[in-house]
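S.K.: Following this line is query_35.cif, made up of mmCIF, C-alpha atoms:
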data_upload
#
loop_
_atom_site.label_atom_id
_atom_site.label_comp_id
_atom_site.auth_asym_id
_atom_site.auth_seq_id
_atom_site.Cartn_x
_atom_site.Cartn_y
_atom_site.Cartn_z
CA MET A 1 -7.60 33.07 -5.06
CA ASN A 2 -5.89 36.37 -4.41
CA LYS A 3 -7.71 37.71 -1.39
CA ASN A 4 -6.88 38.34 2.22
CA ALA A 5 -9.25 35.86 3.88
CA TYR A 6 -10.14 32.51 2.34
CA ASN A 7 -13.47 31.05 3.37
CA PHE A 8 -14.28 27.46 4.24
CA LEU A 9 -17.00 24.96 5.03
CA ASP A 10 -16.54 22.54 7.91
CA LEU A 11 -18.29 19.18 7.45
CA PHE A 12 -18.75 16.72 10.33
CA ALA A 13 -17.48 19.66 12.38
CA GLY A 14 -17.72 18.23 15.90
CA ALA A 15 -16.86 20.80 18.56
CA GLY A 16 -14.72 22.78 16.12
CA GLY A 17 -11.10 21.95 16.95
CA LEU A 18 -9.99 21.86 13.31
CA SER A 19 -12.11 24.90 12.47
CA GLU A 20 -10.66 26.92 15.36
CA GLY A 21 -7.17 26.22 14.00
CA PHE A 22 -8.16 27.51 10.56
CA ILE A 23 -9.84 30.60 12.03
CA ARG A 24 -6.64 31.41 13.93
CA SER A 25 -4.76 31.20 10.65
CA GLY A 26 -6.97 33.80 8.99
CA PHE A 27 -9.56 31.61 7.26
CA LYS A 28 -13.22 32.62 7.49
CA PRO A 29 -15.91 30.02 8.29
CA ILE A 30 -19.04 30.14 6.15
CA ALA A 31 -20.84 27.19 7.74
CA HIS A 32 -20.35 24.25 10.07
CA VAL A 33 -22.40 21.09 9.56
CA GLU A 34 -22.70 18.71 12.51
CA ALA A 35 -25.21 16.04 13.55
CA ASP A 36 -24.74 16.28 17.32
CA LYS A 37 -26.86 19.02 18.89
CA GLY A 38 -24.54 19.51 21.86
CA ALA A 39 -21.54 20.03 19.56
CA CYS A 40 -23.63 22.49 17.52
CA ASN A 41 -24.37 24.47 20.68
CA THR A 42 -20.62 24.50 21.38
CA LEU A 43 -20.00 25.82 17.85
CA LYS A 44 -22.66 28.51 18.30
CA THR A 45 -21.12 29.63 21.57
CA ARG A 46 -17.65 29.77 20.00
CA THR A 47 -19.04 31.69 17.02
CA ALA A 48 -20.56 34.12 19.51
CA TYR A 49 -17.18 34.44 21.22
CA HIS A 50 -15.45 35.42 17.95
CA TYR A 51 -18.21 37.91 17.10
CA LEU A 52 -18.09 39.59 20.52
CA LYS A 53 -14.30 39.68 20.52
CA GLN A 54 -14.39 41.50 17.18
CA TYR A 55 -16.48 44.25 18.77
CA ASP A 56 -14.59 44.36 22.07
CA SER A 57 -17.64 43.01 23.93
CA LEU A 58 -16.34 39.85 25.56
CA PHE A 59 -17.81 41.00 28.88
CA VAL A 60 -21.11 39.59 27.56
CA TYR A 61 -19.46 36.21 26.96
CA PHE A 62 -18.08 36.08 30.49
CA LYS A 63 -21.47 37.11 31.93
CA TYR A 64 -22.83 34.00 30.25
CA LEU A 65 -20.01 31.77 31.52
CA ARG A 66 -20.63 33.00 35.06
CA GLY A 67 -24.31 32.08 34.75
CA GLU A 68 -25.55 35.67 34.95
CA ILE A 69 -27.54 35.30 31.72
CA SER A 70 -29.06 32.23 30.09
CA ARG A 71 -27.87 30.74 26.83
CA ARG A 72 -31.01 32.04 25.13
CA GLU A 73 -30.33 35.56 26.43
CA PHE A 74 -26.68 35.27 25.41
CA TYR A 75 -27.52 34.25 21.84
CA ASN A 76 -29.81 37.29 21.55
CA PHE A 77 -26.63 39.41 21.35
CA ILE A 78 -25.51 37.57 18.19
CA PRO A 79 -26.79 38.13 14.62
CA GLU A 80 -29.14 35.36 13.53
CA LYS A 81 -27.17 34.80 10.33
CA LEU A 82 -24.11 33.83 12.33
CA LEU A 83 -26.05 31.44 14.55
CA SER A 84 -27.76 29.91 11.50
CA SER A 85 -24.33 29.15 10.01
CA ILE A 86 -24.20 26.25 12.48
CA ILE A 87 -26.27 23.62 10.68
CA ASN A 88 -27.48 20.84 12.97
CA GLU A 89 -28.11 18.08 10.44
CA LYS A 90 -26.91 14.55 9.87
CA ILE A 91 -25.29 14.42 6.44
CA GLU A 92 -27.15 11.76 4.48
CA LYS A 93 -29.20 11.29 1.31
CA ASN A 94 -32.40 12.75 2.74
CA THR A 95 -30.77 15.91 4.12
CA LEU A 96 -28.23 16.75 1.44
CA LYS A 97 -30.41 19.15 -0.59
CA LYS A 98 -31.58 20.97 2.50
CA ILE A 99 -28.01 21.43 3.80
CA LEU A 100 -26.76 22.68 0.44
CA SER A 101 -29.64 25.17 0.24
CA LYS A 102 -28.82 26.55 3.68
CA ILE A 103 -25.16 26.93 2.78
CA ASP A 104 -26.04 28.62 -0.54
CA LEU A 105 -27.99 31.28 1.37
CA LEU A 106 -25.01 31.90 3.63
CA LEU A 107 -22.59 32.12 0.69
CA GLU A 108 -24.66 34.81 -1.04
CA GLY A 109 -23.33 33.92 -4.47
CA GLU A 110 -19.75 33.28 -3.39
CA LYS A 111 -17.94 29.96 -3.60
CA PRO A 112 -16.08 28.31 -0.73
CA ASP A 113 -12.32 28.27 -1.20
CA LEU A 114 -11.90 25.25 1.00
CA ILE A 115 -13.78 22.36 2.59
CA ILE A 116 -12.43 20.79 5.78
CA GLY A 117 -13.50 18.01 8.12
CA GLY A 118 -13.70 14.26 8.42
CA PRO A 119 -16.57 11.81 9.01
CA PRO A 120 -16.96 10.03 12.37
CA CYS A 121 -14.05 7.66 12.84
CA GLN A 122 -15.68 4.75 14.70
CA ALA A 123 -16.19 2.65 11.59
CA TYR A 124 -12.53 2.91 10.59
CA SER A 125 -10.81 2.79 13.97
CA LEU A 126 -8.94 -0.32 15.07
CA VAL A 127 -10.61 -0.15 18.49
CA GLY A 128 -14.06 0.15 16.93
CA ARG A 129 -13.43 -2.83 14.67
CA SER A 130 -12.05 -4.94 17.53
CA ARG A 131 -15.20 -4.36 19.60
CA ASP A 132 -17.72 -4.96 16.81
CA LYS A 133 -18.68 -8.55 15.95
CA ASN A 134 -18.84 -7.62 12.24
CA ARG A 135 -15.66 -5.55 12.46
CA MET A 136 -17.74 -2.57 11.24
CA VAL A 137 -18.19 -4.10 7.79
CA GLY A 138 -21.50 -2.79 6.42
CA ASP A 139 -21.65 0.10 8.89
CA SER A 140 -23.15 3.07 7.03
CA ARG A 141 -20.52 5.40 8.50
CA ASN A 142 -17.93 3.70 6.28
CA TYR A 143 -19.44 5.48 3.29
CA LEU A 144 -19.87 8.99 4.66
CA TYR A 145 -16.87 10.06 2.59
CA LYS A 146 -19.17 9.77 -0.46
CA TYR A 147 -21.28 12.61 0.93
CA TYR A 148 -18.08 14.59 1.48
CA GLY A 149 -17.57 14.00 -2.25
CA GLU A 150 -21.04 15.40 -2.98
CA PHE A 151 -20.01 18.71 -1.42
CA LEU A 152 -16.81 18.73 -3.47
CA LYS A 153 -18.82 18.03 -6.61
CA TYR A 154 -21.37 20.77 -5.89
CA TYR A 155 -19.01 23.55 -4.80
CA ALA A 156 -15.73 22.54 -6.51
CA PRO A 157 -13.50 24.34 -3.98
CA LYS A 158 -9.86 24.78 -4.90
CA TYR A 159 -8.71 22.71 -1.89
CA PHE A 160 -9.99 20.34 0.77
CA VAL A 161 -8.56 18.92 4.00
CA PHE A 162 -9.86 15.52 5.16
CA GLU A 163 -8.91 14.14 8.59
CA ASN A 164 -9.45 10.68 10.06
CA VAL A 165 -7.95 7.84 12.09
CA VAL A 166 -5.02 5.83 10.77
CA GLY A 167 -7.24 2.73 10.75
CA LEU A 168 -8.81 4.18 7.60
CA LEU A 169 -5.78 2.91 5.67
CA SER A 170 -6.55 -0.74 6.49
CA ALA A 171 -10.36 -0.80 6.83
CA LYS A 172 -12.05 -2.93 4.13
CA ASP A 173 -15.54 -3.49 2.82
CA ILE A 174 -17.27 -6.87 2.55
CA ASP A 175 -15.47 -7.56 -0.75
CA GLY A 176 -12.06 -6.84 0.72
CA ASN A 177 -11.64 -3.45 -0.93
CA LYS A 178 -10.03 -0.69 1.12
CA TYR A 179 -12.25 2.31 1.84
CA TYR A 180 -9.21 4.57 1.53
CA ASP A 181 -8.62 3.48 -2.05
CA GLY A 182 -12.27 4.06 -2.89
CA MET A 183 -12.05 7.49 -1.32
CA VAL A 184 -8.95 8.57 -3.23
CA ASN A 185 -10.42 7.28 -6.49
CA LEU A 186 -13.63 9.21 -5.86
CA PHE A 187 -11.72 12.41 -5.24
CA LYS A 188 -9.70 11.79 -8.41
CA ARG A 189 -12.88 11.38 -10.48
CA LEU A 190 -14.08 14.70 -9.04
CA GLY A 191 -10.94 16.37 -10.38
CA TYR A 192 -8.67 16.47 -7.31
CA ARG A 193 -5.05 15.52 -6.90
CA THR A 194 -4.51 14.30 -3.34
CA GLU A 195 -1.57 13.97 -0.99
CA SER A 196 -1.81 12.34 2.41
CA LYS A 197 0.39 11.87 5.44
CA ILE A 198 0.15 10.16 8.81
CA ILE A 199 0.64 12.93 11.35
CA THR A 200 1.77 12.21 14.91
CA ALA A 201 0.76 15.28 16.89
CA ASN A 202 3.68 15.37 19.32
CA ASP A 203 6.09 15.65 16.36
CA TYR A 204 4.61 19.09 15.69
CA GLY A 205 4.61 20.69 19.12
CA ILE A 206 1.32 19.24 20.41
CA PRO A 207 1.60 17.54 23.84
CA GLN A 208 -0.21 14.36 22.80
CA ASN A 209 0.76 11.11 21.09
CA ARG A 210 -2.14 11.31 18.62
CA ARG A 211 -1.78 9.74 15.17
CA ARG A 212 -4.13 10.75 12.37
CA ILE A 213 -4.15 10.64 8.60
CA ILE A 214 -4.52 14.01 6.91
CA LEU A 215 -5.50 13.96 3.25
CA VAL A 216 -5.29 17.23 1.28
CA GLY A 217 -6.77 17.65 -2.16
CA LYS A 218 -6.23 20.33 -4.81
CA LYS A 219 -8.52 20.90 -7.77
CA GLY A 220 -6.85 20.23 -11.13
CA ASN A 221 -3.89 18.21 -12.32
CA ASP A 222 -1.13 20.44 -10.99
CA ASN A 223 1.39 18.88 -8.66
CA PHE A 224 1.37 20.24 -5.16
CA LYS A 225 3.18 19.54 -1.93
CA PHE A 226 1.49 18.30 1.22
CA PRO A 227 1.31 21.27 3.64
CA GLU A 228 3.31 19.60 6.38
CA PRO A 229 4.03 21.80 9.43
CA ASN A 230 7.58 22.18 10.67
CA LYS A 231 8.51 19.52 13.18
CA GLU A 232 9.21 20.63 16.74
CA SER A 233 9.07 19.33 20.29
CA PRO A 234 6.36 20.53 22.69
CA ASN A 235 9.31 21.35 24.97
CA LEU A 236 7.35 21.11 28.20
CA LYS A 237 6.18 18.38 30.53
CA ILE A 238 2.57 17.45 31.24
CA ARG A 239 3.12 18.82 34.75
CA GLU A 240 3.71 22.25 33.18
CA LEU A 241 0.74 21.85 30.82
CA ILE A 242 -1.85 21.33 33.56
CA GLY A 243 -0.01 22.25 36.78
CA ASP A 244 -1.35 25.82 36.89
CA LEU A 245 -4.95 24.58 37.20
CA PRO A 246 -6.55 24.61 40.68
CA PRO A 247 -6.13 21.34 42.61
CA ILE A 248 -9.44 19.49 42.96
CA GLN A 249 -10.59 16.13 44.31
CA ALA A 250 -12.80 13.45 42.72
CA GLY A 251 -16.27 14.94 42.42
CA GLY A 252 -14.94 18.47 42.99
CA GLY A 253 -14.52 21.55 40.84
CA THR A 254 -16.95 23.57 38.77
CA ILE A 255 -17.97 24.27 35.17
CA LYS A 256 -17.96 28.03 35.88
CA PRO A 257 -14.90 30.28 35.50
CA VAL A 258 -12.24 29.94 38.20
CA PRO A 259 -8.83 31.64 38.36
CA LEU A 260 -5.61 29.83 37.59
CA HIS A 261 -3.77 28.42 40.60
CA SER A 262 -0.32 29.59 39.50
CA MET A 263 1.56 31.26 36.65
CA PRO A 264 1.13 29.36 33.37
CA HIS A 265 4.06 27.98 31.41
CA ASP A 266 5.26 30.01 28.42
CA TYR A 267 4.01 27.25 26.07
CA LEU A 268 0.44 28.00 27.17
CA THR A 269 0.62 31.74 26.58
CA ARG A 270 2.68 31.49 23.40
CA ASN A 271 0.15 29.13 21.83
CA LYS A 272 -2.85 31.13 23.13
CA ILE A 273 -4.18 28.33 25.29
CA VAL A 274 -4.04 30.76 28.19
CA ASN A 275 -5.06 33.92 26.37
CA GLY A 276 -5.75 36.80 28.68
CA SER A 277 -8.61 36.23 31.10
CA GLY A 278 -6.65 34.06 33.56
CA MET A 279 -9.82 32.01 34.07
CA VAL A 280 -10.79 28.45 33.16
CA THR A 281 -14.12 26.68 32.83
CA TRP A 282 -15.04 23.01 32.94
CA HIS A 283 -12.45 22.19 35.59
CA ILE A 284 -14.67 19.64 37.29
CA ALA A 285 -13.78 16.05 38.16
CA ARG A 286 -16.17 13.10 38.01
CA PRO A 287 -16.90 11.31 41.27
CA ASN A 288 -15.36 7.87 41.82
CA THR A 289 -15.99 4.87 44.01
CA GLU A 290 -13.53 4.08 46.78
CA GLN A 291 -12.48 1.02 44.80
CA ASP A 292 -11.63 3.15 41.76
CA LEU A 293 -9.67 5.60 43.89
CA GLU A 294 -7.68 2.77 45.47
CA ILE A 295 -6.78 1.47 42.02
CA TYR A 296 -5.84 5.00 40.93
CA ARG A 297 -3.42 5.29 43.88
CA ILE A 298 -1.82 1.97 42.95
CA ALA A 299 -1.44 3.07 39.32
CA VAL A 300 0.04 6.47 40.24
CA ASN A 301 2.48 4.95 42.76
CA LYS A 302 3.60 2.34 40.24
CA TRP A 303 4.29 5.02 37.61
CA SER A 304 5.84 7.55 40.02
CA ASN A 305 8.17 5.05 41.71
CA LYS A 306 8.99 2.59 38.93
CA LYS A 307 7.90 4.29 35.68
CA GLU A 308 5.76 1.22 35.04
CA ARG A 309 2.18 1.06 33.80
CA LEU A 310 -0.39 -0.88 35.79
CA ASP A 311 -1.41 -4.24 34.32
CA TYR A 312 -4.96 -5.09 35.39
CA ASN A 313 -3.92 -8.66 36.24
CA ASP A 314 -1.45 -7.36 38.82
CA LEU A 315 -4.18 -5.86 41.00
CA PRO A 316 -5.26 -7.62 44.20
CA GLU A 317 -8.10 -10.06 43.47
CA ARG A 318 -10.54 -8.06 45.57
CA LEU A 319 -10.14 -5.10 43.16
CA LYS A 320 -10.67 -7.09 39.95
CA THR A 321 -14.28 -6.76 38.82
CA HIS A 322 -13.86 -7.20 35.04
CA LYS A 323 -14.23 -10.70 33.60
CA ASN A 324 -12.02 -9.88 30.63
CA ARG A 325 -8.46 -10.44 31.84
CA LYS A 326 -6.81 -10.89 28.43
CA SER A 327 -7.47 -7.68 26.50
CA PHE A 328 -7.40 -4.02 27.53
CA THR A 329 -5.25 -4.93 30.53
CA ASP A 330 -3.97 -1.32 30.52
CA ARG A 331 -7.50 0.01 31.19
CA PHE A 332 -6.14 1.98 34.17
CA LYS A 333 -3.51 4.41 32.93
CA VAL A 334 -1.85 7.52 34.35
CA VAL A 335 -1.42 10.74 32.37
CA ALA A 336 2.30 11.00 33.11
CA TYR A 337 3.53 14.28 34.65
CA ASN A 338 7.13 13.78 33.57
CA MET A 339 6.57 13.22 29.84
CA GLU A 340 6.33 15.81 27.06
CA TYR A 341 3.07 14.37 25.79
CA SER A 342 0.03 12.44 26.91
CA HIS A 343 -1.37 9.30 25.35
CA THR A 344 -4.26 9.96 22.96
CA ILE A 345 -7.33 11.70 24.34
CA MET A 346 -10.40 9.76 23.15
CA ALA A 347 -14.16 10.13 23.43
CA HIS A 348 -14.22 7.10 25.75
CA LEU A 349 -13.59 9.66 28.49
CA GLN A 350 -17.35 10.22 28.54
CA LYS A 351 -17.83 6.70 29.97
CA ASP A 352 -15.12 6.62 32.61
CA GLY A 353 -11.78 8.22 33.38
CA HIS A 354 -9.81 5.09 34.22
CA TYR A 355 -7.56 5.47 31.18
CA TYR A 356 -6.79 9.09 32.14
CA ILE A 357 -5.79 9.12 35.80
CA HIS A 358 -4.47 12.42 37.11
CA PRO A 359 -0.77 12.05 38.01
CA ASP A 360 -1.04 13.88 41.36
CA ILE A 361 -1.81 11.21 43.95
CA HIS A 362 -3.04 13.87 46.37
CA GLN A 363 -5.80 14.87 43.95
CA ASN A 364 -6.57 11.19 43.32
CA ARG A 365 -9.02 11.41 40.41
CA SER A 366 -9.32 11.22 36.65
CA ILE A 367 -8.62 14.29 34.56
CA SER A 368 -11.18 17.08 34.20
CA PRO A 369 -12.64 18.20 30.85
CA ARG A 370 -10.42 21.29 31.03
CA GLU A 371 -7.29 19.16 31.48
CA ALA A 372 -8.36 17.03 28.51
CA ALA A 373 -8.99 20.23 26.54
CA ARG A 374 -5.49 21.49 27.46
CA ILE A 375 -3.99 18.29 26.06
CA GLN A 376 -6.06 18.89 22.90
CA THR A 377 -4.73 22.51 22.90
CA PHE A 378 -8.17 24.13 23.13
CA PRO A 379 -7.92 27.65 24.57
CA ASP A 380 -9.10 28.04 28.15
CA ASP A 381 -11.99 30.27 27.06
CA TYR A 382 -13.41 27.55 24.79
CA TYR A 383 -16.74 26.49 26.32
CA PHE A 384 -18.36 23.10 25.72
CA GLU A 385 -22.14 22.87 25.61
CA GLY A 386 -24.69 20.08 25.94
CA HIS A 387 -27.90 19.25 24.09
CA THR A 388 -30.01 21.41 26.40
CA GLU A 389 -29.48 24.38 28.73
CA LYS A 390 -28.39 21.80 31.29
CA HIS A 391 -24.64 21.25 31.11
CA SER A 392 -23.25 17.77 30.47
CA ARG A 393 -19.81 16.61 31.56
CA ALA A 394 -20.17 13.51 29.35
CA ALA A 395 -20.92 15.69 26.31
CA ALA A 396 -17.86 17.84 27.04
CA TYR A 397 -15.59 14.79 27.32
CA ARG A 398 -17.00 13.30 24.10
CA GLN A 399 -16.58 16.51 22.11
CA ILE A 400 -13.05 17.05 23.36
CA GLY A 401 -12.03 13.44 22.68
CA ASN A 402 -13.39 13.50 19.13
CA ALA A 403 -11.73 16.79 18.20
CA VAL A 404 -8.65 17.61 16.16
CA PRO A 405 -6.11 19.42 18.39
CA VAL A 406 -6.56 23.14 17.76
CA LEU A 407 -2.84 23.81 17.46
CA LEU A 408 -2.40 21.02 14.92
CA GLY A 409 -5.26 22.43 12.85
CA GLN A 410 -3.66 25.86 13.05
CA LYS A 411 -0.27 24.62 11.88
CA ILE A 412 -1.74 22.71 8.94
CA ALA A 413 -3.83 25.76 8.01
CA GLU A 414 -0.80 28.07 8.13
CA LYS A 415 1.16 25.82 5.78
CA LEU A 416 -1.79 25.44 3.44
CA LYS A 417 -2.27 29.20 3.38
CA GLU A 418 1.38 29.61 2.36
CA SER A 419 0.79 27.18 -0.52
CA ILE A 420 -2.36 29.01 -1.64
CA ASP A 421 -0.71 32.42 -1.43
CA ASN A 422 2.23 31.12 -3.48
CA GLY A 423 -0.08 29.59 -6.08
CA CYS A 424 1.03 26.05 -5.24
#
Translate the structure of the given file into structure tokens.
M.R.:
Amino acid sequence: MNKNAYNFLDLFAGAGGLSEGFIRSGFKPIAHVEADKGACNTLKTRTAYHYLKQYDSLFVYFKYLRGEISRREFYNFIPEKLLSSIINEKIEKNTLKKILSKIDLLLEGEKPDLIIGGPPCQAYSLVGRSRDKNRMVGDSRNYLYKYYGEFLKYYAPKYFVFENVVGLLSAKDIDGNKYYDGMVNLFKRLGYRTESKIITANDYGIPQNRRRIILVGKKGNDNFKFPEPNKESPNLKIRELIGDLPPIQAGGGTIKPVPLHSMPHDYLTRNKIVNGSGMVTWHIARPNTEQDLEIYRIAVNKWSNKKERLDYNDLPERLKTHKNRKSFTDRFKVVAYNMEYSHTIMAHLQKDGHYYIHPDIHQNRSISPREAARIQTFPDDYYFEGHTEKHSRAAAYRQIGNAVPVLLGQKIAEKLKESIDNGC
């Protein structure tokens, strides 16, 4: 594997957070496979961004973001082969041959050096299991790792990187067997040694308390070391992470580019979150009822004055509309200005923003997609698409919440590249 740019396939790619990290580290994407059409549109738009940047033509990209050309017109500037590398298919028995055939055409006789990605996490997550009457036992998503194995069997890449929720380690099938054990055994039968580690994002310079299991496999029986990034503090507060964004109210803002409100913190420029244009998209807040906004003010005041989280049961009776008073009593939660990291950004943001209340009581709202994307370390020029030409705030929240933080993906990729270059 002595070449300058290693190529990779991204399975269950989502909006491309992990992929973006690998691209930044010098890896070349061959194909992304994703079931959600909106996420595929996001991947196409990001692929277009990288293509136009390569040819010093980003003015076309910003014309699109400003709404001066349609998405269809925008994609006409991009080679069809690049757009076709985004494969909008659900990975399952009936689609496997078709997906492999499409990837083979893109590879043009080459082999992928690496496969990355992780199946949807709902079936393994502790929250998902707690909300499902069958605790997700029998859910077909539990077995998507077997299709991941089919790609490893077919292409036999030298390495793979598999990401998922920590709940994977304890999730069991109907017979009481752990899915994780079945997964590792499958990878072993396919000829891979594996190493895994629970990664807490804020230990590696990402401003979010996000815990995930990362499993890395290497073809053959050679020992290898898990490509763990160097530990470091984010060394900034959430106020500095999002404080340069324009102040907006509930229901305010825009999906179109707007200038930053103030100078960004060095963390943002150093990590290429703010990367040149000085503009942001998707800084738009969802509207809220007066009741929600009153609860938000109570939650922000409680955190600002006492550093205490709001317990739902402590609200005045007139503001309590949920029958469940025993679980999820922290359902209203402030993203704390004065901490170095946020609590985990999740796809639940698409349903409501109560768990992600903006810390500025004068703005009095939940966080915008751009603020969620900042916490996930997506660059400000990363644009989130919907299923159709019509833009969807819910789709943006869902894609952002499901993603791997870009900076975490980059740091893992950099360490893995060191290992590959050193023959480890």
S.K.: Once the PyMOL selection byres ((chain A and resi 77) around 10) has been evaluated on this model, what residues remain selected, and can you format them as a list of chain:residue names?
M.R.: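 Against this file, the PyMOL selection byres ((chain A and resi 77) around 10) returns the residues A:Ala48, A:Tyr51, A:Leu52, A:Val60, A:Tyr61, A:Arg72, A:Glu73, A:Phe74, A:Tyr75, A:Asn76, A:Ile78, A:Pro79, A:Glu80.
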S.K.: Using only C-alpha atoms, which residue out of A:Tyr356, A:Phe332, A:Phe62, A:Phe162 lies closest to A:Leu11?
M.R.: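 Residue with the minimum atom-to-atom distance to A:Leu11: A:Phe162.
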S.K.: Applying 12 Å and all atoms listed in the file, which residues near A:Phe328 remain after dropping the ones on its own chain fewer than 2 positions away? List them as a VMD selection string.
M.R.: chain A and resid 127 130 to 131 310 to 313 322 to 326 330 to 333 354 to 355
S.K.: Just the selected residues (C-alpha atoms), exported as a tab-separated table (two decimals), in the frame of the given file, please.
M.R.:
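Result written to again-v3.tsv:
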chain	number	residue	atom	x	y	z
A	127	VAL	CA	-10.61	-0.15	18.49
A	130	SER	CA	-12.05	-4.94	17.53
A	131	ARG	CA	-15.20	-4.36	19.60
A	310	LEU	CA	-0.39	-0.88	35.79
A	311	ASP	CA	-1.41	-4.24	34.32
A	312	TYR	CA	-4.96	-5.09	35.39
A	313	ASN	CA	-3.92	-8.66	36.24
A	322	HIS	CA	-13.86	-7.20	35.04
A	323	LYS	CA	-14.23	-10.70	33.60
A	324	ASN	CA	-12.02	-9.88	30.63
A	325	ARG	CA	-8.46	-10.44	31.84
A	326	LYS	CA	-6.81	-10.89	28.43
A	330	ASP	CA	-3.97	-1.32	30.52
A	331	ARG	CA	-7.50	0.01	31.19
A	332	PHE	CA	-6.14	1.98	34.17
A	333	LYS	CA	-3.51	4.41	32.93
A	354	HIS	CA	-9.81	5.09	34.22
A	355	TYR	CA	-7.56	5.47	31.18
S.K.: List as a list in words: which residues have an atom within 10 Å of (-25.7, 17.3, 17.2), counting all atoms listed in the file?
M.R.: Phe12, Ala13, Gly14, Ala15, Val33, Glu34, Ala35, Asp36, Lys37, Gly38, Ala39, Cys40, Asn41, Thr42, Ile87, Asn88, Glu89, Lys90, Gly386 and His387 of chain A
S.K.: For this structure, which residues satisfy the selection - the PyMOL selection byres ((chain A and resi 210-214) around 8) - when it is evaluated on the file as given? I want them as a PyMOL selection string.
M.R.: chain A and resi 161-166+196-202+208-209+215-216+343-345
S.K.: Apply the PyMOL selection byres ((chain A and resi 155) around 12) to the file shown and report the selected residues as a list in words.
M.R.: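 Output of the PyMOL selection byres ((chain A and resi 155) around 12): Phe8, Leu9, Leu100, Ser101, Ile103, Asp104, Leu107, Gly109, Glu110, Lys111, Pro112, Asp113, Leu114, Ile115, Tyr148, Gly149, Glu150, Phe151, Leu152, Lys153, Tyr154, Ala156, Pro157, Lys158, Tyr159, Phe160, Leu190 and Lys219 of chain A.
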S.K.: Restricting the calculation to all atoms listed in the file, which member of A:Leu241, A:Pro29, A:Asn301, A:Pro379 is positioned closest to A:Gly276?
M.R.: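 The shortest atom-to-atom distance to A:Gly276 comes from A:Pro379.
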S.K.: Could you check the closest approach to A:Val274 for each of A:Ser304, A:Thr254, A:Thr377, A:Thr194 and tell me which residue wins, using all atoms listed in the file?
M.R.: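 Among the listed residues, A:Thr377 lies closest to A:Val274.
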S.K.: Mind giving me the straight-line distance from atom CA of A:Ile400 to atom CA of A:Gln376 in Å, one decimal?
M.R.: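 Here the two named atoms are 7.2 Å from each other.
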